[in-house]
$ cat data-v5.pdb   # PDB, C-alpha atoms
ATOM      1  CA  MET A1349      -2.499  25.491 -10.647
ATOM      2  CA  ALA A1350      -5.084  23.184 -12.273
ATOM      3  CA  ARG A1351      -3.819  19.951 -13.832
ATOM      4  CA  ASP A1352      -4.620  19.110 -17.447
ATOM      5  CA  TRP A1353      -4.375  15.373 -16.857
ATOM      6  CA  GLN A1354      -6.943  13.634 -14.689
ATOM      7  CA  PRO A1355      -6.109  10.049 -13.689
ATOM      8  CA  ASP A1356      -8.623   7.413 -14.719
ATOM      9  CA  PHE A1357      -8.294   4.329 -12.539
ATOM     10  CA  GLU A1358      -9.708   1.862 -15.055
ATOM     11  CA  GLN A1359      -7.471   3.161 -17.815
ATOM     12  CA  LEU A1360      -4.418   2.954 -15.549
ATOM     13  CA  VAL A1361      -5.311  -0.663 -14.722
ATOM     14  CA  ASP A1362      -5.641  -1.485 -18.425
ATOM     15  CA  GLU A1363      -2.316   0.123 -19.248
ATOM     16  CA  HIS A1364      -0.185  -1.139 -16.389
ATOM     17  CA  GLN A1365      -1.653  -4.394 -15.089
ATOM     18  CA  SER A1366       0.742  -6.582 -17.053
ATOM     19  CA  MET A1367       3.733  -4.509 -15.888
ATOM     20  CA  VAL A1368       2.744  -4.700 -12.219
ATOM     21  CA  PHE A1369       1.827  -8.393 -12.440
ATOM     22  CA  SER A1370       5.061  -9.308 -14.262
ATOM     23  CA  LEU A1371       7.235  -7.436 -11.762
ATOM     24  CA  ALA A1372       5.515  -9.187  -8.853
ATOM     25  CA  LEU A1373       5.656 -12.560 -10.603
ATOM     26  CA  ARG A1374       9.377 -12.316 -11.354
ATOM     27  CA  MET A1375      10.170 -11.072  -7.877
ATOM     28  CA  THR A1376       8.170 -13.750  -6.045
ATOM     29  CA  GLY A1377       8.044 -16.604  -8.574
ATOM     30  CA  ASP A1378       4.465 -17.288  -7.481
ATOM     31  CA  ARG A1379       1.465 -16.511  -9.713
ATOM     32  CA  GLY A1380      -1.099 -16.405  -6.918
ATOM     33  CA  LEU A1381       1.035 -14.148  -4.757
ATOM     34  CA  ALA A1382       1.825 -11.950  -7.754
ATOM     35  CA  GLU A1383      -1.886 -11.480  -8.435
ATOM     36  CA  GLU A1384      -2.468 -10.564  -4.775
ATOM     37  CA  ILE A1385       0.391  -8.067  -4.885
ATOM     38  CA  ALA A1386      -0.946  -6.538  -8.110
ATOM     39  CA  GLN A1387      -4.351  -6.122  -6.451
ATOM     40  CA  ASP A1388      -2.778  -4.456  -3.400
ATOM     41  CA  VAL A1389      -0.740  -2.119  -5.579
ATOM     42  CA  PHE A1390      -3.756  -0.979  -7.614
ATOM     43  CA  MET A1391      -5.923  -0.547  -4.518
ATOM     44  CA  GLU A1392      -3.219   1.655  -3.046
ATOM     45  CA  LEU A1393      -3.148   3.583  -6.317
ATOM     46  CA  ASP A1394      -6.886   4.111  -5.968
ATOM     47  CA  ARG A1395      -6.383   5.560  -2.483
ATOM     48  CA  ASN A1396      -3.618   7.879  -3.736
ATOM     49  CA  LEU A1397      -5.140   8.746  -7.104
ATOM     50  CA  SER A1398      -5.487  12.441  -6.263
ATOM     51  CA  ARG A1399      -1.719  12.705  -5.786
ATOM     52  CA  ILE A1400      -0.831  11.285  -9.216
ATOM     53  CA  GLU A1401       0.190  14.160 -11.459
ATOM     54  CA  SER A1402       0.956  12.640 -14.862
ATOM     55  CA  PRO A1403       0.987   9.334 -16.778
ATOM     56  CA  LEU A1404       4.758   9.093 -16.212
ATOM     57  CA  HIS A1405       4.283   9.718 -12.516
ATOM     58  CA  ALA A1406       1.686   6.915 -12.439
ATOM     59  CA  LEU A1407       4.075   4.524 -14.198
ATOM     60  CA  CYS A1408       7.009   5.285 -11.863
ATOM     61  CA  TRP A1409       4.746   5.187  -8.808
ATOM     62  CA  LEU A1410       3.321   1.789  -9.796
ATOM     63  CA  ARG A1411       6.780   0.364 -10.474
ATOM     64  CA  ARG A1412       8.146   1.546  -7.128
ATOM     65  CA  VAL A1413       5.136   0.337  -5.133
ATOM     66  CA  ALA A1414       5.081  -3.024  -6.967
ATOM     67  CA  MET A1415       8.747  -3.592  -6.098
ATOM     68  CA  ASN A1416       8.202  -2.560  -2.465
ATOM     69  CA  ARG A1417       5.131  -4.764  -2.094
ATOM     70  CA  SER A1418       6.960  -7.730  -3.639
ATOM     71  CA  SER A1419       9.870  -7.287  -1.211
ATOM     72  CA  ASP A1420       7.415  -7.076   1.689
ATOM     73  CA  ALA A1421       5.690 -10.263   0.521
ATOM     74  CA  LEU A1422       9.024 -12.093   0.252
ATOM     75  CA  ARG A1423      10.021 -10.910   3.733
ATOM     76  CA  ARG A1424       6.682 -12.082   5.149
ATOM     77  CA  ARG A1425       7.124 -15.440   3.484
ATOM     78  CA  LYS A1426      10.597 -15.791   5.001
ATOM     79  CA  VAL A1427       9.199 -15.040   8.454
ATOM     80  CA  ARG A1428       6.390 -17.584   8.141
ATOM     81  CA  GLY A1429       8.424 -20.750   8.716
ATOM     82  CA  MET A1430       5.401 -22.994   8.240
ATOM     83  CA  ASP A1431       5.091 -22.209   4.553
ATOM     84  CA  LEU A1432       8.644 -23.333   3.921
ATOM     85  CA  TRP A1433       7.567 -26.970   3.872
ATOM     86  CA  VAL A1434       4.797 -26.270   1.419
ATOM     87  CA  GLU A1435       7.183 -24.347  -0.824
ATOM     88  CA  MET A1436       9.803 -27.091  -0.642
ATOM     89  CA  GLU A1437       7.216 -29.676  -1.645
ATOM     90  CA  GLU A1438       5.937 -27.499  -4.443
ATOM     91  CA  GLY A1439       9.491 -26.849  -5.631
ATOM     92  CA  HIS A1440      10.262 -30.554  -5.531
ATOM     93  CA  GLY A1441       7.118 -31.330  -7.497
ATOM     94  CA  ALA A1442       7.973 -28.710 -10.053
ATOM     95  CA  ARG A1443      11.489 -30.092 -10.363
ATOM     96  CA  ILE A1444      10.216 -33.595 -11.096
ATOM     97  CA  GLU A1445       7.822 -32.211 -13.641
ATOM     98  CA  LYS A1446      10.631 -30.215 -15.150
ATOM     99  CA  ASN A1447      12.869 -33.257 -15.464
ATOM    100  CA  GLU A1448      10.118 -35.045 -17.312
ATOM    101  CA  SER A1449       9.543 -32.340 -19.842
ATOM    102  CA  ARG A1450      12.848 -30.550 -19.807
ATOM    103  CA  SER A1451      13.206 -30.595 -23.562
ATOM    104  CA  ALA A1452       9.884 -28.839 -23.864
ATOM    105  CA  LEU A1453      11.018 -26.084 -21.555
ATOM    106  CA  GLY A1454      11.866 -22.844 -23.334
ATOM    107  CA  LEU A1455      14.895 -20.708 -22.598
ATOM    108  CA  GLY A1456      12.678 -17.946 -21.231
ATOM    109  CA  VAL A1457      11.058 -20.203 -18.670
ATOM    110  CA  ARG A1458      14.451 -21.618 -17.664
ATOM    111  CA  LEU A1459      15.861 -18.138 -17.204
ATOM    112  CA  GLU A1460      12.800 -17.091 -15.221
ATOM    113  CA  HIS A1461      13.204 -20.108 -12.986
ATOM    114  CA  LEU A1462      16.898 -19.358 -12.507
ATOM    115  CA  LEU A1463      16.062 -15.762 -11.714
ATOM    116  CA  THR A1464      14.087 -16.870  -8.659
ATOM    117  CA  THR A1465      17.243 -18.502  -7.278
ATOM    118  CA  LEU A1466      19.144 -15.179  -7.193
ATOM    119  CA  PRO A1467      19.361 -12.998  -4.069
ATOM    120  CA  GLU A1468      16.478 -10.526  -3.901
ATOM    121  CA  PRO A1469      18.403  -7.248  -4.541
ATOM    122  CA  GLN A1470      20.103  -8.709  -7.619
ATOM    123  CA  ARG A1471      16.800 -10.093  -8.872
ATOM    124  CA  ALA A1472      15.136  -6.693  -8.440
ATOM    125  CA  ALA A1473      17.878  -4.919 -10.364
ATOM    126  CA  LEU A1474      17.825  -7.477 -13.194
ATOM    127  CA  VAL A1475      14.036  -7.439 -13.531
ATOM    128  CA  LEU A1476      13.955  -3.657 -13.761
ATOM    129  CA  ARG A1477      16.852  -3.659 -16.224
ATOM    130  CA  TYR A1478      15.637  -6.367 -18.601
ATOM    131  CA  GLN A1479      11.865  -6.348 -18.182
ATOM    132  CA  GLU A1480      11.347  -2.609 -17.813
ATOM    133  CA  ASP A1481      14.415  -1.586 -19.828
ATOM    134  CA  LEU A1482      15.420   0.990 -17.199
ATOM    135  CA  THR A1483      18.806   2.649 -16.980
ATOM    136  CA  GLN A1484      20.973   2.140 -13.925
ATOM    137  CA  GLU A1485      20.022   5.623 -12.656
ATOM    138  CA  GLU A1486      16.312   4.877 -13.071
ATOM    139  CA  ILE A1487      16.713   1.562 -11.245
ATOM    140  CA  ALA A1488      18.509   3.355  -8.399
ATOM    141  CA  ALA A1489      15.655   5.868  -8.183
ATOM    142  CA  THR A1490      13.003   3.139  -8.261
ATOM    143  CA  LEU A1491      14.670   1.022  -5.600
ATOM    144  CA  GLU A1492      15.780   4.095  -3.625
ATOM    145  CA  ALA A1493      19.317   2.669  -3.552
ATOM    146  CA  PRO A1494      22.724   4.226  -4.306
ATOM    147  CA  LEU A1495      23.817   4.001  -7.940
ATOM    148  CA  ALA A1496      27.010   2.124  -7.075
ATOM    149  CA  THR A1497      24.986  -0.531  -5.221
ATOM    150  CA  VAL A1498      22.674  -0.964  -8.205
ATOM    151  CA  LYS A1499      25.637  -1.303 -10.578
ATOM    152  CA  SER A1500      27.147  -3.945  -8.329
ATOM    153  CA  HIS A1501      23.834  -5.857  -8.050
ATOM    154  CA  LEU A1502      23.409  -5.813 -11.828
ATOM    155  CA  GLN A1503      26.930  -7.011 -12.473
ATOM    156  CA  ARG A1504      26.866  -9.757  -9.868
ATOM    157  CA  GLY A1505      23.346 -10.826 -10.740
ATOM    158  CA  LEU A1506      24.105 -11.083 -14.422
ATOM    159  CA  LYS A1507      27.278 -13.047 -13.734
ATOM    160  CA  LEU A1508      25.523 -15.438 -11.374
ATOM    161  CA  LEU A1509      22.574 -15.924 -13.706
ATOM    162  CA  ARG A1510      24.878 -16.592 -16.644
ATOM    163  CA  ALA A1511      26.918 -19.088 -14.641
ATOM    164  CA  ARG A1512      23.798 -20.916 -13.497
ATOM    165  CA  ALA A1513      22.350 -20.924 -17.004
ATOM    166  CA  THR A1514      25.612 -22.397 -18.348
ATOM    167  CA  ASP A1515      25.628 -25.064 -15.617
ATOM    168  CA  GLN A1516      22.057 -25.999 -16.415
ATOM    169  CA  LEU A1517      22.830 -26.198 -20.129
ATOM    170  CA  LYS A1518      25.798 -28.496 -19.440
ATOM    171  CA  GLU A1519      23.637 -30.671 -17.192
ATOM    172  CA  PHE A1520      20.997 -30.824 -19.901
ATOM    173  CA  VAL A1521      23.561 -31.885 -22.568
ATOM    174  CA  ARG A1522      24.999 -34.520 -20.191
ATOM    175  CA  ALA A1523      21.528 -35.905 -19.470
ATOM    176  CA  LYS A1524      20.746 -36.058 -23.162
ATOM    177  CA  GLU A1525      24.001 -37.894 -23.894
ATOM    178  CA  GLN A1526      23.192 -40.404 -21.140
ATOM    179  CA  VAL A1527      19.780 -41.017 -22.676
ATOM    180  CA  ARG A1528      21.420 -41.591 -26.071
ATOM    181  CA  GLY A1529      23.970 -43.976 -24.501
ATOM    182  CA  LEU A1530      21.168 -46.086 -23.036
TER     183      LEU A1530
ATOM    184  CA  MET B 572      38.039 -13.721 -32.346
ATOM    185  CA  ASP B 573      40.105 -13.579 -29.118
ATOM    186  CA  ASP B 574      38.864 -14.641 -25.673
ATOM    187  CA  PHE B 575      37.840 -11.143 -24.618
ATOM    188  CA  GLU B 576      35.852 -10.570 -27.803
ATOM    189  CA  ARG B 577      34.199 -13.971 -27.517
ATOM    190  CA  ASP B 578      33.268 -13.276 -23.893
ATOM    191  CA  GLN B 579      31.869  -9.885 -24.838
ATOM    192  CA  PHE B 580      29.892 -11.440 -27.690
ATOM    193  CA  GLU B 581      28.493 -14.136 -25.405
ATOM    194  CA  ARG B 582      27.600 -11.556 -22.774
ATOM    195  CA  ASP B 583      25.740  -9.422 -25.341
ATOM    196  CA  GLN B 584      24.010 -12.512 -26.658
ATOM    197  CA  PHE B 585      22.979 -13.464 -23.121
ATOM    198  CA  GLU B 586      21.641  -9.958 -22.451
ATOM    199  CA  ARG B 587      19.589 -10.135 -25.649
ATOM    200  CA  GLU B 588      18.170 -13.479 -24.557
ATOM    201  CA  LEU B 589      17.376 -12.021 -21.149
ATOM    202  CA  LYS B 590      15.509  -9.092 -22.685
ATOM    203  CA  GLN B 591      13.527 -11.500 -24.812
ATOM    204  CA  ALA B 592      12.826 -13.835 -21.902
ATOM    205  CA  PHE B 593      11.842 -11.025 -19.554
ATOM    206  CA  GLN B 594       9.098  -9.534 -21.661
ATOM    207  CA  ARG B 595       6.028  -8.530 -19.703
ATOM    208  CA  ARG B 596       3.588 -11.346 -19.054
ATOM    209  CA  PRO B 597      -0.114 -10.670 -19.569
ATOM    210  CA  ALA B 598      -1.961 -10.271 -16.296
ATOM    211  CA  PRO B 599      -4.637 -12.880 -15.482
ATOM    212  CA  PRO B 600      -7.948 -11.872 -17.107
ATOM    213  CA  SER B 601      -9.636 -12.017 -13.705
ATOM    214  CA  LEU B 602      -7.333  -9.367 -12.215
ATOM    215  CA  LYS B 603      -9.165  -6.348 -13.610
ATOM    216  CA  ARG B 604     -12.583  -7.747 -12.714
ATOM    217  CA  LYS B 605     -11.455  -8.480  -9.153
ATOM    218  CA  LEU B 606      -9.947  -5.011  -8.863
ATOM    219  CA  MET B 607     -13.085  -3.250 -10.060
ATOM    220  CA  GLU B 608     -15.227  -5.341  -7.696
ATOM    221  CA  GLN B 609     -12.922  -4.658  -4.758
ATOM    222  CA  ARG B 610     -12.857  -0.956  -5.636
ATOM    223  CA  GLY B 611     -16.655  -0.859  -5.786
ATOM    224  CA  ARG B 612     -16.884  -2.568  -2.394
ATOM    225  CA  GLN B 613     -14.354  -0.188  -0.868
ATOM    226  CA  HIS B 614     -16.123   2.865  -2.296
ATOM    227  CA  THR B 615     -19.458   1.675  -0.911
ATOM    228  CA  GLY B 616     -17.767   0.978   2.410
ATOM    229  CA  ARG B 617     -16.168   4.421   2.388
ATOM    230  CA  LEU B 618     -19.511   6.101   1.596
ATOM    231  CA  ARG B 619     -21.212   4.150   4.371
ATOM    232  CA  PHE B 620     -18.410   5.041   6.763
ATOM    233  CA  ARG B 621     -18.769   8.734   5.827
ATOM    234  CA  ALA B 622     -22.541   8.601   6.358
ATOM    235  CA  VAL B 623     -22.062   6.961   9.765
ATOM    236  CA  MET B 624     -19.456   9.579  10.685
ATOM    237  CA  TRP B 625     -21.819  12.431   9.730
ATOM    238  CA  GLN B 626     -24.602  10.812  11.742
ATOM    239  CA  ARG B 627     -22.311  10.492  14.732
ATOM    240  CA  LEU B 628     -21.180  14.080  14.356
ATOM    241  CA  ALA B 629     -24.779  15.299  14.173
ATOM    242  CA  ALA B 630     -25.714  13.233  17.234
ATOM    243  CA  SER B 631     -22.702  14.633  19.119
ATOM    244  CA  VAL B 632     -23.649  18.213  18.195
ATOM    245  CA  LEU B 633     -27.217  17.577  19.362
ATOM    246  CA  LEU B 634     -26.015  16.033  22.603
ATOM    247  CA  VAL B 635     -23.636  18.922  23.300
ATOM    248  CA  ALA B 636     -26.397  21.433  22.493
ATOM    249  CA  ALA B 637     -28.858  19.645  24.797
ATOM    250  CA  LEU B 638     -26.309  19.454  27.623
ATOM    251  CA  GLY B 639     -25.328  23.095  27.136
ATOM    252  CA  GLY B 640     -28.968  24.151  27.032
ATOM    253  CA  GLY B 641     -29.703  22.177  30.176
ATOM    254  CA  LEU B 642     -26.796  23.723  32.025
ATOM    255  CA  ALA B 643     -27.755  27.229  30.907
ATOM    256  CA  TRP B 644     -31.384  26.645  31.982
ATOM    257  CA  ARG B 645     -30.211  25.368  35.364
ATOM    258  CA  ASN B 646     -27.993  28.416  35.873
ATOM    259  CA  ARG B 647     -30.796  30.779  34.941
ATOM    260  CA  GLU B 648     -33.225  28.945  37.235
ATOM    261  CA  GLU B 649     -30.814  29.173  40.173
ATOM    262  CA  GLN B 650     -30.309  32.858  39.432
ATOM    263  CA  ARG B 651     -34.082  33.374  39.316
ATOM    264  CA  LYS B 652     -34.563  31.553  42.624
ATOM    265  CA  GLY B 653     -31.785  33.663  44.180
ATOM    266  CA  GLU B 654     -33.454  36.844  42.954
ATOM    267  CA  ALA B 655     -36.803  35.726  44.357
ATOM    268  CA  ALA B 656     -35.231  34.913  47.741
ATOM    269  CA  ARG B 657     -33.551  38.322  47.801
ATOM    270  CA  GLU B 658     -36.860  39.991  46.979
ATOM    271  CA  GLN B 659     -38.544  38.053  49.804
ATOM    272  CA  VAL B 660     -35.853  39.072  52.307
ATOM    273  CA  LEU B 661     -36.140  42.717  51.194
ATOM    274  CA  THR B 662     -39.926  42.583  51.538
ATOM    275  CA  ALA B 663     -39.580  41.069  55.009
ATOM    276  CA  LEU B 664     -37.111  43.774  55.947
ATOM    277  CA  ARG B 665     -39.445  46.468  54.594
ATOM    278  CA  ILE B 666     -42.363  45.025  56.633
ATOM    279  CA  THR B 667     -40.197  44.809  59.757
ATOM    280  CA  CYS B 668     -38.988  48.355  59.197
ATOM    281  CA  HIS B 669     -42.552  49.561  58.768
ATOM    282  CA  ALA B 670     -43.658  47.736  61.957
ATOM    283  CA  LEU B 671     -40.768  49.204  63.907
ATOM    284  CA  ASP B 672     -41.683  52.671  62.643
ATOM    285  CA  ARG B 673     -45.245  52.207  63.894
ATOM    286  CA  VAL B 674     -44.030  50.951  67.282
ATOM    287  CA  LYS B 675     -41.709  53.928  67.455
ATOM    288  CA  ILE B 676     -44.611  56.358  66.711
ATOM    289  CA  GLN B 677     -46.836  54.641  69.281
ATOM    290  CA  LEU B 678     -44.116  54.857  71.907
ATOM    291  CA  ALA B 679     -43.589  58.524  71.131
ATOM    292  CA  GLU B 680     -47.375  59.199  71.486
ATOM    293  CA  HIS B 681     -47.410  57.252  74.724
ATOM    294  CA  ASP B 682     -44.505  59.291  76.093
ATOM    295  CA  ARG B 683     -46.245  62.550  75.163
ATOM    296  CA  GLY B 684     -49.478  61.332  76.971
ATOM    297  CA  THR B 685     -47.710  60.571  80.186
ATOM    298  CA  GLN B 686     -45.978  63.963  80.295
TER     299      GLN B 686
END

$ encode --input "data-v5.pdb" --output "structure tokens"
Amino acid sequence: MARDWQPDFEQLVDEHQSMVFSLALRMTGDRGLAEEIAQDVFMELDRNLSRIESPLHALCWLRRVAMNRSSDALRRRKVRGMDLWVEMEEGHGARIEKNESRSALGLGVRLEHLLTTLPEPQRAALVLRYQEDLTQEEIAATLEAPLATVKSHLQRGLKLLRARATDQLKEFVRAKEQVRGL
Amino acid sequence: MDDFERDQFERDQFERELKQAFQRRPAPPSLKRKLMEQRGRQHTGRLRFRAVMWQRLAASVLLVAALGGGLAWRNREEQRKGEAAREQVLTALRITCHALDRVKIQLAEHDRGTQ
């Protein structure tokens, strides 16, 4: 049977590049790596373009591959012990910078930063839930995980993120009070 | 508002903040350009690879045909040589047979003369 819809690579890039990039960015917390992942994902789409049957299929396919590629990238980064030092230094630098301009930091950025401190499965579930607005069933299908596992990851992730956000807020208030006291 | 309601309210509020914070970020402007360039390179590479593969296939077909032709020619040549040798042997046998017949006739004439 002939298909009515013919995939157009450039159009698919235009429509979904921000989705793929944002998923990779929130999963890895690294802009450069996220851009690399987005490139890989779209190049794989190009190779599999003949198998894409509809715009919805393209969207789901891109989401699933972006999540898989991000997990692969994180796993590779864990294996490469050498990079750990670079990351620690970068993290330290960022922390200093953050302390200097903490008041300028928006809630969104703080939450995004806290998100990167969560375990990977919880982070994946939260990103798909709150960035992509997926239901628990859709998240389970995207991550190819049992529904109960996804529910548990969402619950725990949300709880952990909320606790960390509250801690950070308290720390921020305490620091501000200390500044006032001086 | 009791504790449970307050907790529920705070949780909903937090989820709303999360949704707001987790809006999609615009991709870097260079991403699309890089992708299209990479795609162009890969397509050119793929076309070149296909051309090379066809060339290799054609060369292989030619080689196989030449080898096959050579083998067939060699077989036919050997067969032809065999046939020629057989013909020569038959001719030699015919000549020998003819010579023997003549000797036989001469001997018979000689026997008749002596009687």

$ interface_residues --input "data-v5.pdb" --of "chain B" --to "chain A" --cutoff "7 Å" --atoms "all atoms listed in the file" --output "MDAnalysis selection string"
chainID B and resid 589:590 592:598 602:603 606

$ atom_distance --input "data-v5.pdb" --atom1 "atom CA of Asp1515 of chain A" --atom2 "atom CA of Phe585 of chain B"
14.1 Å

$ resolve_selection --input "data-v5.pdb" --expression "the PyMOL selection byres ((chain A and resi 1502) around 12)" --output "VMD selection string"
(chain A and resid 1466 to 1478 1482 to 1485 1487 to 1488 1495 to 1501 1503 to 1510) or (chain B and resid 586)

$ atom_distance --input "data-v5.pdb" --atom1 "atom CA of Phe580 of chain B" --atom2 "atom CA of Glu1486 of chain A"
25.8 Å

$ atom_distance --input "data-v5.pdb" --atom1 "atom CA of Arg612 of chain B" --atom2 "atom CA of Val1389 of chain A"
16.5 Å

$ resolve_selection --input "data-v5.pdb" --expression "the PyMOL selection byres ((chain A and resi 1354) around 12)" --output "list in words"
Ala1350, Arg1351, Asp1352, Trp1353, Pro1355, Asp1356, Phe1357, Gln1359, Leu1360, Leu1397, Ser1398, Arg1399, Ile1400, Glu1401, Ser1402, Pro1403 and Ala1406 of chain A

$ axis_aligned_box --input "data-v5.pdb" --around "segment 1489-1498 of chain A" --padding-each-side "8 Å" --output "AutoDock Vina command-line options"
--center_x 20.0 --center_y 2.5 --center_z -5.9 --size_x 30.0 --size_y 22.8 --size_z 20.7
